[in-house]
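Asker: Below you'll find the structure I mean.
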Amino acid sequence: MNKQQAQDYVNLGKQAFQKLVDDKVIPVHTLDTHGLSRLERYNRDELDQAMKSLP
């Protein structure tokens with residue numbers, strides 16, 4: 001899913017979501033090796049795991 005869909009799925013605002021991505025709590029997937037680093041994608045199962053790992 002894209003970033004907006006992932007934020008909506010975990011019910012977080014932009015800043016909170018980005019902090020978890022920056023802190024490597026939420027994994028992000030890109031096509032950087034193909035020159036498409038702007039296309040960030042998130043996996044639903046990984047989002048579920050990340051949210052369960054929070055205190």
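Ordering of the structure tokens sets the chain letters (A, B, ...), residue numbers begin anew at 1 in every chain, and ligands are numbered from 1 in the order given.
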Could you build a table of the residues in stretch 1-23 of chain A lying no more than 10 Å from stretch 28-31 of chain A, giving for each the nearest pair of atoms and their separation in Å rounded to one decimal place, using only C-alpha atoms, ordered by chain and ascending residue number, as CSV?
Answerer:
residue,atom,partner,partner_atom,distance
A:Asn2,CA,A:Val28,CA,9.8
A:Lys3,CA,A:Val28,CA,9.0
A:Val21,CA,A:Val28,CA,7.0
A:Asp22,CA,A:Val28,CA,9.5
Asker: Restricted to N, CA and C atoms, what would the selected residues look like written as a short mmCIF file (atom, residue, chain, number, x, y, z; two decimals), in the first residue's frame?
Answerer:
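For reference, result_28.cif as written:
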data_model
loop_
_atom_site.label_atom_id
_atom_site.label_comp_id
_atom_site.auth_asym_id
_atom_site.auth_seq_id
_atom_site.Cartn_x
_atom_site.Cartn_y
_atom_site.Cartn_z
N ASN A 2 0.35 2.34 -0.44
CA ASN A 2 1.14 3.56 -0.46
C ASN A 2 1.17 4.20 0.94
N LYS A 3 1.87 5.30 1.06
CA LYS A 3 2.08 5.91 2.38
C LYS A 3 0.76 6.38 3.01
N VAL A 21 8.75 5.40 10.83
CA VAL A 21 9.53 4.98 9.66
C VAL A 21 10.99 5.36 9.86
N ASP A 22 11.24 6.59 10.28
CA ASP A 22 12.62 7.06 10.50
C ASP A 22 13.33 6.24 11.57
#
Asker: Residues within 9 Å of A:Met1, please, as a PyMOL selection string. Count only C-alpha atoms; anything in the same chain fewer than 2 positions from it doesn't count.
Answerer: chain A and resi 3-6+40-44
Asker: Could you go through stretch 18-47 of chain A and tell me which residues DSSP, when run on the backbone, assigns to strand (DSSP E or B), listing them as a list in words?
Answerer: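 Answer for stretch 18-47 of chain A, restricted to strand (DSSP E or B): His29, Thr30, Leu31, Leu36, Ser37, Arg38, Leu39, Glu40 and Arg41 of chain A.
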Asker: Would you give me, as a ChimeraX atom specification, the residues in chain A that DSSP reads as alpha helix (DSSP H)?
Answerer: /A:3-10,14-22,44-53
Asker: Any idea what the distance is between atom CA of A:Gln7 and atom CA of A:Leu20?
Answerer: 10.9 Å
Asker: Using only C-alpha atoms, which residues sit within 9 Å of A:Met51 once same-chain residues fewer than 6 positions away are excluded, as a ChimeraX atom specification?
Answerer: /A:10,25-26
Asker: For the selection you just gave me, I'd like the residues written to a file as a compact mmCIF listing (two decimals), in the first residue's frame, keeping C-alpha atoms.
Answerer:
# COMPACT_ATOMS: atom_id res chain seq x y z
CA VAL A 10 -2.61 2.27 11.36
CA VAL A 25 9.88 0.59 13.52
CA ILE A 26 7.84 0.54 10.31
Asker: What is the distance between atom CA of A:Ala50 and atom CA of A:Arg38, in Å to one decimal?
Answerer: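 Interatomic distance here is 22.0 Å.
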